[in-house]
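Chemist: Provided herewith: entry_25.csv, CSV, C-alpha atoms.
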chain,number,residue,atom,x,y,z
P,1,MET,CA,-5.2,7.8,-21.2
P,2,LYS,CA,-2.4,6.0,-23.0
P,3,LYS,CA,-2.9,2.9,-20.9
P,4,ASP,CA,-6.6,2.9,-21.9
P,5,PHE,CA,-5.6,2.9,-25.5
P,6,ILE,CA,-3.0,0.2,-25.1
P,7,TYR,CA,-5.3,-2.1,-23.2
P,8,THR,CA,-8.1,-1.5,-25.8
P,9,PHE,CA,-5.8,-2.5,-28.6
P,10,ILE,CA,-4.8,-5.6,-26.6
P,11,THR,CA,-8.4,-6.4,-26.0
P,12,GLU,CA,-9.4,-6.1,-29.6
P,13,PHE,CA,-6.4,-8.3,-30.7
P,14,ILE,CA,-7.5,-11.0,-28.2
P,15,LEU,CA,-11.0,-10.8,-29.4
P,16,ILE,CA,-9.9,-11.4,-33.0
P,17,LEU,CA,-8.0,-14.5,-31.8
P,18,CYS,CA,-11.1,-15.7,-29.9
P,19,LEU,CA,-13.3,-15.1,-33.0
P,20,LEU,CA,-10.9,-17.1,-35.2
P,21,ALA,CA,-10.9,-19.8,-32.5
P,22,SER,CA,-14.8,-19.9,-32.5
P,23,TYR,CA,-14.8,-20.6,-36.3
P,24,LYS,CA,-12.2,-23.3,-35.8
P,25,LEU,CA,-14.2,-25.0,-33.0
P,26,ALA,CA,-17.4,-24.7,-35.0
P,27,ASP,CA,-15.6,-26.7,-37.8
P,28,VAL,CA,-14.2,-29.2,-35.3
P,29,PHE,CA,-17.4,-29.8,-33.2
P,30,PHE,CA,-20.1,-29.4,-35.9
P,31,GLY,CA,-18.4,-30.4,-39.1
P,32,PRO,CA,-18.1,-28.5,-42.5
P,33,LYS,CA,-21.9,-27.9,-42.6
P,34,GLY,CA,-22.0,-26.6,-39.1
P,35,PHE,CA,-19.1,-24.3,-39.9
P,36,THR,CA,-20.9,-22.8,-42.9
P,37,ASP,CA,-24.2,-22.5,-40.9
P,38,TYR,CA,-22.3,-20.8,-38.0
P,39,SER,CA,-20.6,-18.4,-40.5
P,40,LEU,CA,-23.9,-17.5,-42.1
P,41,ALA,CA,-25.7,-17.0,-38.8
P,42,ARG,CA,-23.0,-14.7,-37.5
P,43,ARG,CA,-23.2,-12.6,-40.7
P,44,VAL,CA,-27.0,-12.4,-40.2
P,45,ILE,CA,-26.6,-11.3,-36.6
P,46,ALA,CA,-24.1,-8.6,-37.7
P,47,LEU,CA,-26.7,-7.3,-40.2
P,48,LEU,CA,-29.6,-7.3,-37.6
P,49,GLN,CA,-27.5,-5.9,-34.7
P,50,PRO,CA,-27.6,-2.2,-35.8
P,51,VAL,CA,-31.4,-2.4,-36.2
P,52,PHE,CA,-31.8,-3.7,-32.7
P,53,LEU,CA,-29.4,-1.1,-31.3
P,54,VAL,CA,-31.0,1.9,-33.1
P,55,GLY,CA,-27.8,3.9,-32.8
P,56,MET,CA,-27.6,3.6,-29.0
P,57,SER,CA,-24.1,2.1,-29.1
P,58,ILE,CA,-23.0,5.6,-30.0
P,59,THR,CA,-25.6,7.6,-28.2
P,60,ILE,CA,-25.0,6.1,-24.8
P,61,PRO,CA,-21.2,6.7,-24.5
P,62,ARG,CA,-21.4,10.1,-26.1
P,63,GLN,CA,-24.4,11.4,-24.1
P,64,VAL,CA,-23.2,9.9,-20.8
P,65,ALA,CA,-19.8,11.6,-21.3
P,66,PHE,CA,-21.3,14.9,-22.5
P,67,ASN,CA,-23.5,15.1,-19.4
P,68,ALA,CA,-20.8,13.8,-17.0
P,69,ALA,CA,-20.9,17.1,-15.1
P,70,SER,CA,-24.4,16.3,-14.1
P,71,LYS,CA,-24.4,12.8,-12.7
P,72,GLU,CA,-28.1,12.6,-12.3
P,73,LYS,CA,-28.7,13.8,-15.9
P,74,SER,CA,-26.2,11.3,-17.2
P,75,ASN,CA,-27.9,8.5,-15.3
P,76,GLU,CA,-31.3,9.4,-16.6
P,77,ILE,CA,-30.1,9.5,-20.2
P,78,PHE,CA,-28.6,6.0,-19.8
P,79,LEU,CA,-31.8,4.6,-18.3
P,80,SER,CA,-33.9,6.1,-21.0
P,81,ALA,CA,-31.6,4.4,-23.6
P,82,VAL,CA,-32.0,1.1,-21.8
P,83,ILE,CA,-35.8,1.4,-21.8
P,84,ILE,CA,-35.7,2.2,-25.6
P,85,LEU,CA,-33.4,-0.8,-26.3
P,86,VAL,CA,-35.6,-3.2,-24.3
P,87,ALA,CA,-38.7,-2.0,-26.1
P,88,VAL,CA,-37.2,-2.2,-29.5
P,89,THR,CA,-35.7,-5.6,-28.8
P,90,VAL,CA,-39.1,-7.0,-27.6
P,91,ALA,CA,-40.9,-5.6,-30.7
P,92,LEU,CA,-38.4,-6.8,-33.3
P,93,SER,CA,-38.1,-10.2,-31.7
P,94,ALA,CA,-41.9,-10.6,-31.7
P,95,ILE,CA,-41.9,-9.7,-35.4
P,96,MET,CA,-39.1,-12.2,-36.2
P,97,LEU,CA,-40.8,-15.0,-34.3
P,98,ALA,CA,-44.3,-14.2,-35.8
P,99,PHE,CA,-42.8,-14.4,-39.3
P,100,LYS,CA,-39.9,-16.8,-38.6
P,101,LYS,CA,-40.5,-18.9,-41.8
P,102,GLN,CA,-40.4,-15.8,-44.0
P,103,PHE,CA,-37.2,-14.5,-42.3
P,104,SER,CA,-35.7,-18.0,-42.6
P,105,VAL,CA,-36.4,-18.1,-46.4
P,106,PHE,CA,-35.2,-14.5,-46.9
P,107,LEU,CA,-32.0,-14.8,-44.8
P,108,PHE,CA,-31.0,-18.4,-45.5
P,109,ASP,CA,-33.1,-19.4,-48.6
P,110,ASP,CA,-34.4,-22.4,-46.7
P,111,ALA,CA,-37.4,-22.8,-44.4
P,112,ALA,CA,-35.5,-25.5,-42.5
P,113,TYR,CA,-33.5,-22.7,-40.9
P,114,THR,CA,-36.5,-21.6,-39.0
P,115,ARG,CA,-35.0,-23.4,-36.0
P,116,TYR,CA,-32.3,-20.6,-35.9
P,117,ILE,CA,-34.7,-17.7,-35.5
P,118,PHE,CA,-35.5,-18.0,-31.8
P,119,PRO,CA,-31.9,-18.6,-30.7
P,120,MET,CA,-30.8,-15.7,-32.7
P,121,THR,CA,-33.3,-13.4,-31.1
P,122,VAL,CA,-32.1,-14.6,-27.7
P,123,ALA,CA,-28.5,-13.8,-28.7
P,124,MET,CA,-29.5,-10.4,-30.0
P,125,ALA,CA,-31.3,-9.6,-26.7
P,126,GLY,CA,-28.1,-10.4,-24.8
P,127,MET,CA,-26.0,-8.4,-27.2
P,128,VAL,CA,-28.2,-5.4,-26.9
P,129,ILE,CA,-28.0,-5.2,-23.1
P,130,HIS,CA,-24.3,-5.8,-23.3
P,131,SER,CA,-23.9,-2.9,-25.7
P,132,ALA,CA,-25.8,-0.6,-23.2
P,133,VAL,CA,-23.5,-1.6,-20.3
P,134,TYR,CA,-20.4,-1.4,-22.4
P,135,GLY,CA,-21.4,2.0,-23.7
P,136,TYR,CA,-22.0,3.2,-20.2
P,137,TYR,CA,-18.6,2.2,-19.0
P,138,ARG,CA,-17.0,3.9,-22.0
P,139,GLY,CA,-19.0,7.1,-21.3
P,140,ILE,CA,-17.7,7.3,-17.7
P,141,MET,CA,-14.2,6.4,-19.0
P,142,ARG,CA,-14.0,3.1,-17.0
P,143,MET,CA,-12.2,1.5,-19.9
P,144,ASN,CA,-10.7,-1.3,-17.7
P,145,LYS,CA,-14.2,-2.5,-16.8
P,146,ALA,CA,-15.4,-2.0,-20.4
P,147,ASN,CA,-12.5,-4.0,-21.8
P,148,VAL,CA,-12.9,-6.8,-19.3
P,149,LEU,CA,-16.7,-7.0,-20.1
P,150,GLN,CA,-16.0,-7.0,-23.8
P,151,LEU,CA,-13.5,-9.8,-23.5
P,152,LEU,CA,-15.8,-11.9,-21.3
P,153,MET,CA,-18.9,-11.4,-23.5
P,154,LEU,CA,-17.5,-11.5,-27.0
P,155,GLY,CA,-14.4,-13.6,-26.4
P,156,ILE,CA,-14.8,-16.2,-23.6
P,157,ILE,CA,-18.6,-16.9,-23.5
P,158,PRO,CA,-18.9,-17.9,-27.2
P,159,LEU,CA,-16.0,-20.3,-26.9
P,160,LEU,CA,-17.4,-21.7,-23.6
P,161,ALA,CA,-20.8,-22.2,-25.2
P,162,MET,CA,-19.1,-24.4,-27.9
P,163,TYR,CA,-18.4,-27.1,-25.3
P,164,PHE,CA,-22.0,-27.4,-24.1
P,165,ALA,CA,-23.9,-27.1,-27.4
P,166,ALA,CA,-25.1,-30.1,-29.5
P,167,GLY,CA,-25.6,-28.0,-32.6
P,168,ILE,CA,-25.5,-24.5,-34.1
P,169,SER,CA,-29.0,-23.7,-32.9
P,170,GLN,CA,-28.3,-24.7,-29.4
P,171,LEU,CA,-25.0,-22.8,-29.5
P,172,PHE,CA,-26.6,-19.5,-30.2
P,173,LEU,CA,-29.3,-20.2,-27.5
P,174,ILE,CA,-26.7,-21.0,-24.8
P,175,THR,CA,-24.6,-18.0,-25.9
P,176,GLY,CA,-27.6,-15.7,-25.8
P,177,ILE,CA,-28.7,-16.9,-22.3
P,178,LEU,CA,-25.2,-16.4,-20.9
P,179,TRP,CA,-25.0,-13.0,-22.5
P,180,MET,CA,-28.3,-12.0,-21.0
P,181,ALA,CA,-27.4,-13.3,-17.5
P,182,VAL,CA,-24.0,-11.5,-17.4
P,183,SER,CA,-25.3,-8.3,-18.9
P,184,PHE,CA,-28.2,-8.0,-16.5
P,185,PHE,CA,-25.9,-8.7,-13.6
P,186,PHE,CA,-23.7,-5.7,-14.6
P,187,LEU,CA,-26.7,-3.6,-15.5
P,188,ALA,CA,-28.3,-4.2,-12.1
P,189,GLY,CA,-25.1,-3.2,-10.4
P,190,ILE,CA,-25.0,0.0,-12.3
P,191,ILE,CA,-28.7,0.9,-11.7
P,192,LEU,CA,-28.6,0.1,-8.0
P,193,GLN,CA,-25.9,2.8,-7.5
P,194,MET,CA,-27.8,5.5,-9.5
P,195,LYS,CA,-29.8,8.4,-8.4
P,196,PHE,CA,-32.4,9.5,-10.9
P,197,SER,CA,-35.9,10.9,-11.4
P,198,ALA,CA,-38.3,8.4,-13.1
P,199,ALA,CA,-40.2,11.3,-14.7
P,200,SER,CA,-37.0,12.7,-16.1
P,201,VAL,CA,-36.0,9.3,-17.5
P,202,ILE,CA,-39.3,9.2,-19.4
P,203,LYS,CA,-39.0,12.8,-20.5
P,204,ASN,CA,-35.5,12.1,-21.9
P,205,MET,CA,-36.6,9.2,-24.0
P,206,GLY,CA,-37.6,11.3,-27.0
P,207,GLU,CA,-34.4,13.2,-27.2
P,208,THR,CA,-32.3,10.0,-26.6
P,209,PHE,CA,-34.1,8.1,-29.3
P,210,GLY,CA,-33.8,11.0,-31.7
P,211,HIS,CA,-30.0,11.2,-31.1
P,212,GLY,CA,-29.6,7.5,-31.7
P,213,ILE,CA,-31.8,7.0,-34.7
P,214,GLN,CA,-29.7,9.6,-36.6
P,215,ARG,CA,-26.7,7.2,-36.2
P,216,LEU,CA,-28.6,4.1,-37.4
P,217,PRO,CA,-28.1,4.6,-41.2
P,218,ALA,CA,-24.3,4.6,-40.9
P,219,ASP,CA,-24.2,1.6,-38.6
P,220,LEU,CA,-26.7,-0.3,-40.7
P,221,GLY,CA,-24.9,0.7,-43.9
P,222,VAL,CA,-21.6,-0.9,-42.9
P,223,ALA,CA,-23.4,-4.0,-41.7
P,224,ALA,CA,-25.5,-4.2,-44.9
P,225,LEU,CA,-22.4,-3.7,-47.1
P,226,LEU,CA,-20.7,-6.7,-45.3
P,227,SER,CA,-23.8,-8.9,-45.0
P,228,LEU,CA,-26.0,-8.4,-48.0
P,229,PRO,CA,-23.5,-10.1,-50.4
P,230,VAL,CA,-23.9,-13.3,-48.2
P,231,ILE,CA,-27.7,-13.2,-48.6
P,232,PHE,CA,-27.3,-12.7,-52.4
P,233,TYR,CA,-24.8,-15.6,-52.5
P,234,THR,CA,-27.1,-17.8,-50.5
P,235,HIS,CA,-30.0,-17.4,-52.9
P,236,SER,CA,-27.7,-17.9,-55.9
P,237,PHE,CA,-25.3,-20.7,-54.9
P,238,GLY,CA,-26.5,-22.3,-51.7
P,239,THR,CA,-25.6,-22.1,-48.0
P,240,VAL,CA,-22.2,-23.9,-48.3
P,241,GLN,CA,-20.8,-21.4,-50.8
P,242,ALA,CA,-22.4,-18.5,-48.8
P,243,GLY,CA,-20.9,-19.8,-45.6
P,244,TYR,CA,-17.4,-19.6,-47.2
P,245,LEU,CA,-18.2,-16.0,-48.3
P,246,ALA,CA,-19.5,-15.2,-44.8
P,247,PHE,CA,-16.2,-16.4,-43.3
P,248,SER,CA,-14.2,-14.5,-45.8
P,249,ILE,CA,-16.1,-11.3,-45.1
P,250,SER,CA,-15.5,-11.9,-41.4
P,251,LEU,CA,-11.8,-12.0,-42.1
P,252,LEU,CA,-12.2,-8.7,-43.9
P,253,SER,CA,-14.2,-7.3,-41.0
P,254,MET,CA,-11.4,-8.4,-38.6
P,255,THR,CA,-9.1,-5.9,-40.2
P,256,GLY,CA,-11.6,-3.2,-39.2
P,257,VAL,CA,-11.9,-4.5,-35.7
P,258,ALA,CA,-8.1,-4.4,-35.3
P,259,LEU,CA,-8.1,-0.7,-36.3
P,260,LYS,CA,-11.2,0.3,-34.3
P,261,PRO,CA,-9.2,1.8,-31.4
P,262,ILE,CA,-7.8,4.4,-33.8
P,263,GLY,CA,-11.2,5.9,-34.1
P,264,LEU,CA,-11.4,6.2,-30.3
P,265,ILE,CA,-8.1,8.1,-30.4
P,266,MET,CA,-8.5,10.2,-33.5
P,267,LEU,CA,-12.1,11.4,-33.3
P,268,PRO,CA,-11.7,13.6,-30.2
P,269,HIS,CA,-8.2,14.5,-31.1
P,270,ALA,CA,-9.0,15.6,-34.7
P,271,THR,CA,-12.1,17.4,-33.4
P,272,THR,CA,-10.0,19.5,-31.0
P,273,LEU,CA,-7.4,20.4,-33.7
P,274,ILE,CA,-10.2,21.5,-36.1
P,275,ALA,CA,-12.0,23.5,-33.4
P,276,GLU,CA,-8.7,25.2,-32.6
P,277,ARG,CA,-8.0,25.8,-36.3
P,278,ARG,CA,-4.7,23.9,-36.1
P,279,HIS,CA,-5.2,22.6,-39.6
P,280,SER,CA,-1.5,22.4,-40.5
P,281,LEU,CA,-0.9,20.0,-37.6
P,282,LEU,CA,-3.9,17.9,-38.6
P,283,LYS,CA,-2.5,17.7,-42.2
P,284,GLN,CA,0.9,16.5,-40.9
P,285,GLN,CA,-0.8,13.9,-38.7
P,286,VAL,CA,-3.0,12.7,-41.6
P,287,ARG,CA,0.0,12.3,-43.8
P,288,LYS,CA,1.7,10.2,-41.1
P,289,MET,CA,-1.4,8.1,-40.8
P,290,PHE,CA,-1.5,7.6,-44.5
P,291,LEU,CA,2.1,6.3,-44.5
P,292,TYR,CA,1.3,3.9,-41.6
P,293,PHE,CA,-1.8,2.8,-43.6
P,294,LEU,CA,0.2,2.1,-46.7
P,295,ILE,CA,2.6,-0.1,-44.8
P,296,LEU,CA,-0.1,-2.0,-42.9
P,297,ALA,CA,-2.3,-2.5,-45.9
P,298,ALA,CA,0.5,-3.8,-48.1
P,299,VAL,CA,1.6,-6.3,-45.4
P,300,VAL,CA,-1.9,-7.6,-44.7
P,301,THR,CA,-3.0,-7.7,-48.4
P,302,ALA,CA,0.1,-9.2,-49.8
P,303,GLY,CA,0.6,-11.6,-46.9
P,304,PHE,CA,-2.9,-13.0,-47.2
P,305,GLU,CA,-2.8,-13.3,-51.0
P,306,ILE,CA,0.4,-15.2,-50.8
P,307,LEU,CA,0.0,-17.3,-47.7
P,308,SER,CA,-3.8,-17.9,-47.6
P,309,PRO,CA,-3.7,-21.5,-49.0
P,310,GLN,CA,-1.2,-22.6,-46.3
P,311,LEU,CA,-2.8,-20.5,-43.5
P,312,LEU,CA,-6.4,-21.8,-44.2
P,313,ALA,CA,-5.1,-25.4,-44.6
P,314,VAL,CA,-3.3,-25.2,-41.3
P,315,PHE,CA,-6.3,-23.5,-39.6
P,316,PHE,CA,-8.9,-26.1,-40.7
P,317,GLY,CA,-6.6,-29.1,-40.9
P,318,ARG,CA,-7.5,-29.7,-44.6
P,319,LYS,CA,-7.2,-28.0,-48.0
P,320,ASN,CA,-10.3,-26.1,-49.2
P,321,PRO,CA,-9.7,-24.6,-52.7
P,322,GLU,CA,-13.2,-23.1,-52.8
P,323,LEU,CA,-12.6,-21.2,-49.5
P,324,VAL,CA,-9.2,-20.1,-50.7
P,325,PHE,CA,-10.6,-18.7,-53.9
P,326,ILE,CA,-13.4,-16.8,-52.3
P,327,SER,CA,-11.3,-15.5,-49.4
P,328,ARG,CA,-8.6,-14.2,-51.7
P,329,PHE,CA,-11.2,-12.5,-53.9
P,330,VAL,CA,-12.8,-10.8,-50.8
P,331,MET,CA,-9.5,-9.8,-49.2
P,332,SER,CA,-8.4,-8.1,-52.4
P,333,SER,CA,-10.6,-5.2,-51.1
P,334,CYS,CA,-8.8,-5.2,-47.8
P,335,ALA,CA,-6.8,-2.0,-48.5
P,336,ALA,CA,-10.0,0.0,-49.4
P,337,PHE,CA,-11.8,-1.2,-46.3
P,338,MET,CA,-8.9,-0.5,-44.0
P,339,PHE,CA,-8.6,3.0,-45.5
P,340,TYR,CA,-12.3,3.6,-44.6
P,341,VAL,CA,-11.8,2.4,-41.1
P,342,PHE,CA,-8.5,4.2,-40.7
P,343,PHE,CA,-9.8,7.7,-41.7
P,344,ARG,CA,-13.6,7.7,-41.1
P,345,SER,CA,-13.0,9.4,-37.7
P,346,ILE,CA,-11.3,12.4,-39.4
P,347,ILE,CA,-14.4,12.8,-41.6
P,348,ASP,CA,-16.7,12.6,-38.6
P,349,ALA,CA,-14.6,15.2,-36.8
P,350,ALA,CA,-14.6,17.6,-39.7
P,351,HIS,CA,-18.3,17.6,-40.6
P,352,HIS,CA,-21.5,18.0,-38.7
P,353,HIS,CA,-23.4,16.0,-41.3
P,354,SER,CA,-22.5,12.3,-41.7
P,355,TYR,CA,-20.6,12.1,-45.0
P,356,ASN,CA,-19.6,8.6,-44.0
P,357,THR,CA,-23.2,7.6,-44.2
P,358,LEU,CA,-23.5,9.2,-47.7
P,359,ASN,CA,-20.4,7.3,-48.9
P,360,ILE,CA,-21.8,4.0,-47.5
P,361,VAL,CA,-25.2,4.6,-49.2
P,362,LEU,CA,-23.5,5.1,-52.5
P,363,ALA,CA,-21.4,1.9,-52.1
P,364,ILE,CA,-24.5,-0.1,-51.2
P,365,ALA,CA,-26.5,1.4,-54.1
P,366,PHE,CA,-23.7,0.1,-56.5
P,367,LEU,CA,-23.7,-3.3,-54.7
P,368,ALA,CA,-27.5,-3.6,-55.0
P,369,ALA,CA,-27.6,-2.5,-58.6
P,370,GLY,CA,-24.7,-4.7,-59.6
P,371,SER,CA,-26.1,-7.8,-57.8
P,372,ALA,CA,-29.6,-7.2,-59.3
P,373,ALA,CA,-28.0,-7.2,-62.8
P,374,GLY,CA,-26.3,-10.5,-61.9
P,375,PHE,CA,-29.6,-12.1,-60.9
P,376,ILE,CA,-31.2,-10.9,-64.1
P,377,PHE,CA,-28.5,-12.2,-66.4
P,378,ASP,CA,-27.8,-15.3,-64.3
P,379,VAL,CA,-24.0,-14.7,-63.9
P,380,GLY,CA,-21.5,-16.8,-62.1
P,381,ARG,CA,-20.1,-16.5,-58.6
P,382,SER,CA,-17.0,-14.5,-59.6
P,383,TYR,CA,-19.3,-11.7,-60.8
P,384,LEU,CA,-21.0,-11.3,-57.5
P,385,LEU,CA,-17.6,-11.4,-55.7
P,386,PHE,CA,-16.3,-8.8,-58.1
P,387,ILE,CA,-19.3,-6.5,-57.5
P,388,PHE,CA,-18.7,-6.7,-53.7
P,389,VAL,CA,-15.0,-5.9,-54.1
P,390,LEU,CA,-15.9,-2.9,-56.3
P,391,SER,CA,-18.4,-1.7,-53.8
P,392,VAL,CA,-15.8,-1.7,-51.0
P,393,LEU,CA,-13.3,0.0,-53.4
P,394,ILE,CA,-15.9,2.7,-54.0
P,395,LEU,CA,-16.2,3.3,-50.3
P,396,GLY,CA,-12.5,3.6,-50.0
P,397,VAL,CA,-12.2,6.0,-52.9
P,398,LEU,CA,-15.0,8.2,-51.6
P,399,THR,CA,-13.3,8.3,-48.2
P,400,TYR,CA,-10.1,9.3,-49.9
P,401,PHE,CA,-11.7,12.3,-51.7
P,402,GLN,CA,-13.3,13.4,-48.4
P,403,ILE,CA,-9.9,13.3,-46.6
P,404,LYS,CA,-8.3,15.2,-49.6
P,405,LYS,CA,-11.0,17.8,-49.3
P,406,ILE,CA,-10.5,18.2,-45.5
P,407,THR,CA,-6.7,18.5,-45.7
P,408,GLY,CA,-6.7,20.4,-49.0
P,409,GLN,CA,-3.8,18.4,-50.4
P,410,GLU,CA,-2.9,15.1,-52.0
P,411,LEU,CA,-2.0,12.3,-49.6
Render the structure in this file as structure tokens.

Modeler:
Amino acid sequence: MKKDFIYTFITEFILILCLLASYKLADVFFGPKGFTDYSLARRVIALLQPVFLVGMSITIPRQVAFNAASKEKSNEIFLSAVIILVAVTVALSAIMLAFKKQFSVFLFDDAAYTRYIFPMTVAMAGMVIHSAVYGYYRGIMRMNKANVLQLLMLGIIPLLAMYFAAGISQLFLITGILWMAVSFFFLAGIILQMKFSAASVIKNMGETFGHGIQRLPADLGVAALLSLPVIFYTHSFGTVQAGYLAFSISLLSMTGVALKPIGLIMLPHATTLIAERRHSLLKQQVRKMFLYFLILAAVVTAGFEILSPQLLAVFFGRKNPELVFISRFVMSSCAAFMFYVFFRSIIDAAHHHSYNTLNIVLAIAFLAAGSAAGFIFDVGRSYLLFIFVLSVLILGVLTYFQIKKITGQEL
């Protein structure tokens, strides 16, 4: 088990490096405009992904693992989830293609971006099938295969596609095609080894969909919190400024990606401690986690605020004061976002109802209300950045009060 966690941390760290490399290559191969378009498109895909997945990224590993004692039942739940994902992807892709001009104007504030809609739907289709396969390997605890697949799909393929693409539109098309090809190859290998009843697969679809759809609000909420500001910024200040914001939020998101394995460790562990009423031990471990969080958050936040001009200048090979300004503003919320990622698994373990979803909804409500006021009074860019930072801070504070309530003590 420890090896799985170590390898997962290593995999996530490599993926962060690959993601940074993809932004660098987008700037090198496609220029500043290509870089901002690439950043915008990635944020849009991050917003759409939870809708396409309808909670199956959580349902598949949990339900497959829960029914591990009955191999056939586990297989049937997985196949029912795959059918749901294919149906949802086809339906949503058809809607996006039928109204691609409207989606282009809403997401990018420019009908010229219509050319991105089809490649993005292809990329989403590949990502959906990958999520199903990745979730299955997690469910059966084949973490070595899961990590290798994750590294190949999210690390190597996007970088490889850069060398064959003539533009951003073609880049997402090539990436999507490769994602689909690799994902279907692994999916076929899984299905060919399965024993299942087709009637039971169909019968399980309702239960599987119901389990997944309940998880959609939380997944969509986090994606919306990190993506809606980019859409607001696009309509207010254009795609170049919005691209800088998209990249800056991606940097913020990377801090969450780096901490994601903690959730894999703490969710089952904290659930066991709560079930066994070992609350004193849970409190001790939460306090230790809080100490680690303070050290990590201080290093990341202070380090970026101090070194960002030099780091970004070295990364892009030129100075960009606008990007430095926006990224510094965004990363000032780093501690609050890291706190949410660090401790959300404790909240999930302690409560049957999703308090994380409630906290995210409150943060988004503040973001939407504050941004709407900005549009009405025609405020400057700093105001919208400030509203975003405050929204993330609200999420962090609400998470803190939930943890305080669970442990019954100040941290």

Chemist: With only C-alpha atoms as the counted atoms, please give the residues lying no more than 12 Å from Ser80 of chain P, apart from itself and same-chain residues fewer than 4 positions off, as number ranges by chain.

Modeler: P: 56, 59-60, 63-64, 73-76, 84-87, 132, 191, 196-212

Chemist: When you draw a straight line from atom CA of Thr36 of chain P to atom CA of Thr239 of chain P, how long is it in Å?

Modeler: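 Distance between the two atoms: 7.0 Å.
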
Chemist: In the coordinate frame of the file, compute which residues have an atom within 8 Å of (-19.5, 3.9, -57.2) when using all atoms listed in the file, and state them as a VMD selection string.

Modeler: chain P and resid 362 to 363 366 390 to 391 394 to 395

Chemist: Give me the residues near Phe232 of chain P as an mmCIF file with C-alpha atoms, keeping the file's coordinate frame, where near means some atom within 12 Å (using all atoms listed in the file) and where sequence neighbours in that chain fewer than 3 positions away do not count.

Modeler:
data_model
loop_
_atom_site.group_PDB
_atom_site.id
_atom_site.type_symbol
_atom_site.label_atom_id
_atom_site.label_comp_id
_atom_site.auth_asym_id
_atom_site.auth_seq_id
_atom_site.Cartn_x
_atom_site.Cartn_y
_atom_site.Cartn_z
ATOM 1 C CA LEU P 40 -23.900 -17.500 -42.100
ATOM 2 C CA PHE P 106 -35.200 -14.500 -46.900
ATOM 3 C CA LEU P 107 -32.000 -14.800 -44.800
ATOM 4 C CA PHE P 108 -31.000 -18.400 -45.500
ATOM 5 C CA ASP P 109 -33.100 -19.400 -48.600
ATOM 6 C CA ALA P 224 -25.500 -4.200 -44.900
ATOM 7 C CA LEU P 225 -22.400 -3.700 -47.100
ATOM 8 C CA LEU P 226 -20.700 -6.700 -45.300
ATOM 9 C CA SER P 227 -23.800 -8.900 -45.000
ATOM 10 C CA LEU P 228 -26.000 -8.400 -48.000
ATOM 11 C CA PRO P 229 -23.500 -10.100 -50.400
ATOM 12 C CA HIS P 235 -30.000 -17.400 -52.900
ATOM 13 C CA SER P 236 -27.700 -17.900 -55.900
ATOM 14 C CA PHE P 237 -25.300 -20.700 -54.900
ATOM 15 C CA GLY P 238 -26.500 -22.300 -51.700
ATOM 16 C CA THR P 239 -25.600 -22.100 -48.000
ATOM 17 C CA GLN P 241 -20.800 -21.400 -50.800
ATOM 18 C CA ALA P 242 -22.400 -18.500 -48.800
ATOM 19 C CA GLY P 243 -20.900 -19.800 -45.600
ATOM 20 C CA LEU P 245 -18.200 -16.000 -48.300
ATOM 21 C CA ALA P 246 -19.500 -15.200 -44.800
ATOM 22 C CA LEU P 367 -23.700 -3.300 -54.700
ATOM 23 C CA ALA P 368 -27.500 -3.600 -55.000
ATOM 24 C CA ALA P 369 -27.600 -2.500 -58.600
ATOM 25 C CA GLY P 370 -24.700 -4.700 -59.600
ATOM 26 C CA SER P 371 -26.100 -7.800 -57.800
ATOM 27 C CA ALA P 372 -29.600 -7.200 -59.300
ATOM 28 C CA ALA P 373 -28.000 -7.200 -62.800
ATOM 29 C CA GLY P 374 -26.300 -10.500 -61.900
ATOM 30 C CA PHE P 375 -29.600 -12.100 -60.900
ATOM 31 C CA ARG P 381 -20.100 -16.500 -58.600
ATOM 32 C CA TYR P 383 -19.300 -11.700 -60.800
ATOM 33 C CA LEU P 384 -21.000 -11.300 -57.500
ATOM 34 C CA LEU P 385 -17.600 -11.400 -55.700
ATOM 35 C CA ILE P 387 -19.300 -6.500 -57.500
ATOM 36 C CA PHE P 388 -18.700 -6.700 -53.700
#

Chemist: Counting all atoms listed in the file, figure out which residue out of P:Val90, P:Ala223, P:Met143, P:Leu398 gets nearest to Ile347 of chain P.

Modeler: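 Ranked by minimum distance to Ile347 of chain P, first place goes to P:Leu398.
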
Chemist: Compare P:Thr175, P:Ser250, P:Thr121, P:Thr89 by their minimum atom-to-atom distance to Val51 of chain P, counting all atoms listed in the file, and give me the closest one.

Modeler: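 Nearest candidate to Val51 of chain P out of P:Thr175, P:Ser250, P:Thr121, P:Thr89: P:Thr89.
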
Chemist: Quick one: of P:Leu252, P:Cys334, P:Leu19, P:Phe118, who's nearest to Ala298 of chain P, counting all atoms listed in the file?

Modeler: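 Looking only at the distances to Ala298 of chain P, the closest residue turns out to be P:Cys334.
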
Chemist: Using all atoms listed in the file, which of the listed residues (P:Gly317, P:Met120, P:Val88, P:Val182) sits closest to Asp27 of chain P?

Modeler: P:Gly317

Chemist: Atom CA of Met254 of chain P and atom CA of Leu291 of chain P, how far apart in Å?

Modeler: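 Spanning atom CA of Leu291 of chain P to atom CA of Met254 of chain P is a straight-line distance of 20.8 Å.
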
Chemist: Can you work out the spacing between atom CA of Gln49 of chain P and atom CA of Met124 of chain P in Å, to one decimal?

Modeler: 6.8 Å

Chemist: Calculated over only C-alpha atoms, which of the candidates P:Leu97, P:Ile406, P:Ala336, P:Ala146 has the smallest distance to Lys283 of chain P?

Modeler: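 Of P:Leu97, P:Ile406, P:Ala336, P:Ala146, the one nearest Lys283 of chain P, counting only C-alpha atoms, is P:Ile406.
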
Chemist: Using all atoms listed in the file, determine which residues lie at most 10 Å from Glu322 of chain P, disregarding the query and same-chain residues fewer than 2 positions distant; provide the list as a PyMOL selection string.

Modeler: chain P and resi 241+244-245+319-320+324-327
